[in-house]
Amino acid sequence: MSLKRNILDLRKRKSEVLKGGGEKAIEKQVAMGKLTARERILYILDEGSFHEYDLFVEHAARDFDMENKKLHGDGVIIGTGTMHGSPICIFAQDFTVAGGSLGLMHARKITKIMDHALKMRVPLIGINDSGGARIQEGVDSLAGYGEIFFRNTLASGVIPQISVILGPCAGGAVYSPALTDFVFVVNNISKMFITGPSVIKTVLGEEISMEELGGAKVHAEVTGNAHFYAESELECFDQIKKLMTYIPWNNKQKAEKIEPKLPKKKKKIENIVPGDPKMPYDIRDIIQAITDHSEFFEIMEMFAPNIVIGFGRLNGETVGFVANQPKVLAGVLDCDSSDKAARFIRYCNAFNIPIVTLEDLPGYLPGVDQEHAGVIRHGAKILYAYSEATVPKITVIIRKAYGGGYIAMNSRHLRADFVFAWPTAEIAVMGPEGAANIVFRKEISEAEDPEAMRQIKIEEYKTKFANPYVAAARGYIDEVIEPEDTRKMLLHALQVSANKSVMGPGKKHGIPPF
Amino acid sequence: MTEKKYETIIVHSAKYYTEYTRKYRNRPIWEQPNTNYVYSFIPGTIIDVHVKAGEKLQEGDSLLILEAMKMHNNVQMPFDGKIVKVHVKPGDKIPKKHLMIEIKPL
């Protein structure tokens, strides 16, 4: 007897399920400017590499007439494939099937692929496009979310977890992306919030559009929930693929080393930085003057731009950059920038990525709003993250390194492995103006011309303390270097740190100031 | 030139030339709270107003009922005092931090 009939039957069954929510629903999806779930997966993965599982899973709802409804694949696609030739796990919620709503079996499919990713130590990409919990399945859908959040947490710091928001992601559903490492959003398509505009209007009387409440821009610029912002889905997929070139596949590996390339010479590095420490410049120009091929892949570009974070390569090896940005808010540390940098430092540490810190900041941002927003506990995060990090940690002090900011920005005291300073560096408790006002208060107030005396005293303080040599005399910095040698010194420091091994006191885990 | 092109931030008496973010520009500015102003602590609807201008009240006396999140909130007199002016009436939908009643201590 031939197997032909069985094979034809299988094909028929498959083609039926592959229709997803059907033509009409797909038309609607396309009209919203969105790709279908399956198209998204195919764009993200290497061509022809995708293998789908649980295609024939059926939903488990037995109330509200749901038992008679067919929901293809229960509204989610899961599978494995490759990216840049290496295996990854992926799931994509299918909005065309019951609005991508999450029920028991939908959640089970997701947790199945999550378990798989963790067990195989490969990255997980999740595409979110869902109306939320499937109300008809009641507590089973809540259970489903809980099982997903638990696995997100379990896998955190073991495998890279990436969330792509390509549609609504509301209510409890938002917490899965929030627990993952990188969140990607697309303008006009991504919508994330706990409570939607209609409920807010009913109970609070506040009227706001979905886009203003939880659109892509809001999360990229205001809330800091999103790490990457794109204008289209295709741009977003390119960002994901680019990110994956910089990171290792799991926490036991190092990011893949690629062919080293020299930076593109634009202008001398020392000409980027104004001599007056009160004048701004774009720190990213310095990063690009240092990195291989002058490439820098910035993360959270729009959120708290007073600190810059992202990946670049030095001698072919991935390095995480954390840099104060004098161009925005003078590069101060505040609640948001501390939070942003701290999380990135912890990411680099978890995934064996050395951290290079470029320092030029006047300190923490003064203001009642900052104090009341908890700049103490937020600011403490950056101290915590640097202190606990055991990957190679290298600091270059470009200009200002004042007060608490100096300590926080990977100082020697937090066990930086190498601290280099440009000759323009000023390592002091505060800038000359503030210090002179305090140290020479009496001389200034008693002088015939206090203003002239103040200037004299500021100059006096500047000459004595506004330089790197006081700190160098204590060994707090290892070497004062010429700006042009920055890359050379970093390459050497990384080479020396290649087998860095430090042991902390044994503990279950620390208690960071979340 | 510098002054025109950049914003400034002052940290420890030193003035730095830089750019602001939108979030920084929109940051809340601190004001000393005036205990003689009774503001709404949540947006909602005024259900009932129990007092009139000139009335003398004791601490804990009910001023009005503010409905928000389906709850009736009984807003009380914070100290012994007098009603100076009532700014709301039943049925008003008010935002958060809306001035509802002015009072003064006796």
# chains A, B, ... in the order shown; residues from 1 in each chain; ligands from 1
>>> interface_residues(of="chain A", to="chain B", cutoff="7 Å", atoms="only C-alpha atoms", output="list in words")
Val203, Leu204, Gly205, Val222, Lys278, Met279, Pro280, Pro326, Lys327, Val328, Leu329, Ala330, Pro362, Pro366, Val368, Asp369, Met430, Gly431, Glu433 and Gly434 of chain A
>>> write_last_selection(atoms="N, CA and C atoms", output="CSV table (one decimal), in the first residue's frame")
chain,number,residue,atom,x,y,z
A,203,VAL,N,-12.3,56.1,33.5
A,203,VAL,CA,-12.2,56.2,34.9
A,203,VAL,C,-11.5,57.5,35.3
A,204,LEU,N,-10.7,58.1,34.5
A,204,LEU,CA,-9.9,59.3,34.9
A,204,LEU,C,-10.3,60.5,34.1
A,205,GLY,N,-11.0,60.4,33.0
A,205,GLY,CA,-11.4,61.5,32.2
A,205,GLY,C,-10.2,62.1,31.4
A,222,VAL,N,10.6,58.6,26.0
A,222,VAL,CA,10.2,59.0,27.3
A,222,VAL,C,10.3,57.9,28.4
A,278,LYS,N,33.8,73.5,29.8
A,278,LYS,CA,32.3,73.9,29.9
A,278,LYS,C,31.7,73.9,28.5
A,279,MET,N,32.5,73.6,27.4
A,279,MET,CA,31.9,73.6,26.1
A,279,MET,C,31.6,72.2,25.7
A,280,PRO,N,30.5,72.0,24.9
A,280,PRO,CA,30.0,70.7,24.5
A,280,PRO,C,30.7,70.1,23.3
A,326,PRO,N,28.6,65.2,26.7
A,326,PRO,CA,28.6,66.6,27.0
A,326,PRO,C,27.6,67.4,26.2
A,327,LYS,N,27.2,66.9,25.0
A,327,LYS,CA,26.4,67.6,24.1
A,327,LYS,C,24.9,67.7,24.7
A,328,VAL,N,24.5,66.8,25.5
A,328,VAL,CA,23.2,66.8,26.1
A,328,VAL,C,23.2,66.9,27.6
A,329,LEU,N,22.6,67.9,28.1
A,329,LEU,CA,22.5,68.1,29.6
A,329,LEU,C,24.0,68.1,30.2
A,330,ALA,N,24.9,68.5,29.4
A,330,ALA,CA,26.3,68.6,29.9
A,330,ALA,C,26.9,67.2,30.3
A,362,PRO,N,30.1,66.7,34.7
A,362,PRO,CA,30.2,67.6,35.8
A,362,PRO,C,29.7,67.1,37.1
A,366,PRO,N,21.5,68.6,39.4
A,366,PRO,CA,20.8,69.1,40.6
A,366,PRO,C,19.4,69.4,40.3
A,368,VAL,N,15.1,69.7,42.4
A,368,VAL,CA,14.1,69.1,43.2
A,368,VAL,C,13.5,67.9,42.5
A,369,ASP,N,13.2,68.0,41.2
A,369,ASP,CA,12.5,66.9,40.5
A,369,ASP,C,13.4,65.7,40.5
A,430,MET,N,34.9,68.8,42.9
A,430,MET,CA,34.0,69.5,42.0
A,430,MET,C,34.8,70.4,41.1
A,431,GLY,N,34.1,71.1,40.2
A,431,GLY,CA,34.8,72.0,39.3
A,431,GLY,C,35.4,73.2,40.1
A,433,GLU,N,35.1,76.4,40.0
A,433,GLU,CA,34.2,77.5,40.4
A,433,GLU,C,33.6,77.1,41.8
A,434,GLY,N,33.0,76.0,41.9
A,434,GLY,CA,32.4,75.6,43.1
A,434,GLY,C,33.3,75.4,44.2
>>> select_by_dssp(residues="chain B", states="alpha helix (DSSP H)", output="list in words")
Thr2, Glu3, Lys4, Lys5, Arg22, Lys23, Tyr24 and Arg25 of chain B
>>> write_last_selection(atoms="C-alpha atoms", output="PDB file, in the first residue's frame")
ATOM      1  CA  THR B   2      27.890  80.426  22.477  1.00  0.00           C
ATOM      2  CA  GLU B   3      25.065  81.866  24.527  1.00  0.00           C
ATOM      3  CA  LYS B   4      22.723  81.834  21.562  1.00  0.00           C
ATOM      4  CA  LYS B   5      23.475  78.388  20.268  1.00  0.00           C
ATOM      5  CA  ARG B  22      12.353  67.406  25.792  1.00  0.00           C
ATOM      6  CA  LYS B  23      11.902  65.501  29.039  1.00  0.00           C
ATOM      7  CA  TYR B  24      14.190  67.926  30.893  1.00  0.00           C
ATOM      8  CA  ARG B  25      12.343  70.922  29.465  1.00  0.00           C
TER       9      ARG B  25
END
>>> residues_around(residues="Leu361 of chain A", least_positions_apart="4", cutoff="9 Å", atoms="only C-alpha atoms", output="PyMOL selection string")
chain A and resi 324-326+330-333+399-402+405-406
>>> write_last_selection(atoms="C-alpha atoms", output="mmCIF file, in the first residue's frame")
data_model
loop_
_atom_site.group_PDB
_atom_site.id
_atom_site.type_symbol
_atom_site.label_atom_id
_atom_site.label_comp_id
_atom_site.auth_asym_id
_atom_site.auth_seq_id
_atom_site.Cartn_x
_atom_site.Cartn_y
_atom_site.Cartn_z
ATOM 1 C CA ASN A 324 28.935 60.673 29.157
ATOM 2 C CA GLN A 325 27.547 62.929 26.454
ATOM 3 C CA PRO A 326 28.571 66.591 27.034
ATOM 4 C CA ALA A 330 26.318 68.569 29.874
ATOM 5 C CA GLY A 331 26.555 64.766 30.238
ATOM 6 C CA VAL A 332 25.273 64.736 33.810
ATOM 7 C CA LEU A 333 24.126 61.587 35.535
ATOM 8 C CA ARG A 399 37.962 65.981 30.674
ATOM 9 C CA LYS A 400 35.786 66.371 33.762
ATOM 10 C CA ALA A 401 35.597 63.714 36.436
ATOM 11 C CA TYR A 402 34.031 65.470 39.384
ATOM 12 C CA GLY A 405 30.222 61.239 39.049
ATOM 13 C CA TYR A 406 33.933 60.461 39.093
#
>>> select_by_dssp(residues="segment 219-302 of chain A", states="strand (DSSP E or B)", output="compact mmCIF listing (two decimals) with N, CA and C atoms, in the first residue's frame")
# COMPACT_ATOMS: atom_id res chain seq x y z
N PHE A 228 15.32 50.02 20.69
CA PHE A 228 15.56 50.35 19.28
C PHE A 228 14.26 50.82 18.63
N TYR A 229 14.38 51.89 17.87
CA TYR A 229 13.23 52.50 17.21
C TYR A 229 13.46 52.47 15.72
N ALA A 230 12.44 52.04 14.97
CA ALA A 230 12.57 52.02 13.51
C ALA A 230 11.35 52.63 12.87
N PHE A 296 29.81 52.31 15.33
CA PHE A 296 29.27 52.30 16.68
C PHE A 296 27.78 52.02 16.58
N PHE A 297 27.32 50.97 17.26
CA PHE A 297 25.93 50.56 17.21
C PHE A 297 25.26 51.03 18.51
N GLU A 298 24.57 52.16 18.40
CA GLU A 298 24.04 52.78 19.62
C GLU A 298 22.74 52.13 20.07
N ILE A 299 22.59 52.02 21.39
CA ILE A 299 21.38 51.45 21.99
C ILE A 299 20.67 52.56 22.78
>>> residues_around(residues="Lys265 of chain A", least_positions_apart="4", cutoff="10 Å", atoms="only C-alpha atoms", output="list in words")
Ile269, Gln288, Ala289, Ile290, His293 and Ser294 of chain A
>>> write_last_selection(atoms="C-alpha atoms", output="compact mmCIF listing (two decimals), in the first residue's frame")
# COMPACT_ATOMS: atom_id res chain seq x y z
CA ILE A 269 40.82 62.86 17.97
CA GLN A 288 33.93 56.48 16.28
CA ALA A 289 37.49 57.72 16.24
CA ILE A 290 38.44 54.72 18.37
CA HIS A 293 35.96 50.92 10.95
CA SER A 294 34.57 53.80 13.04
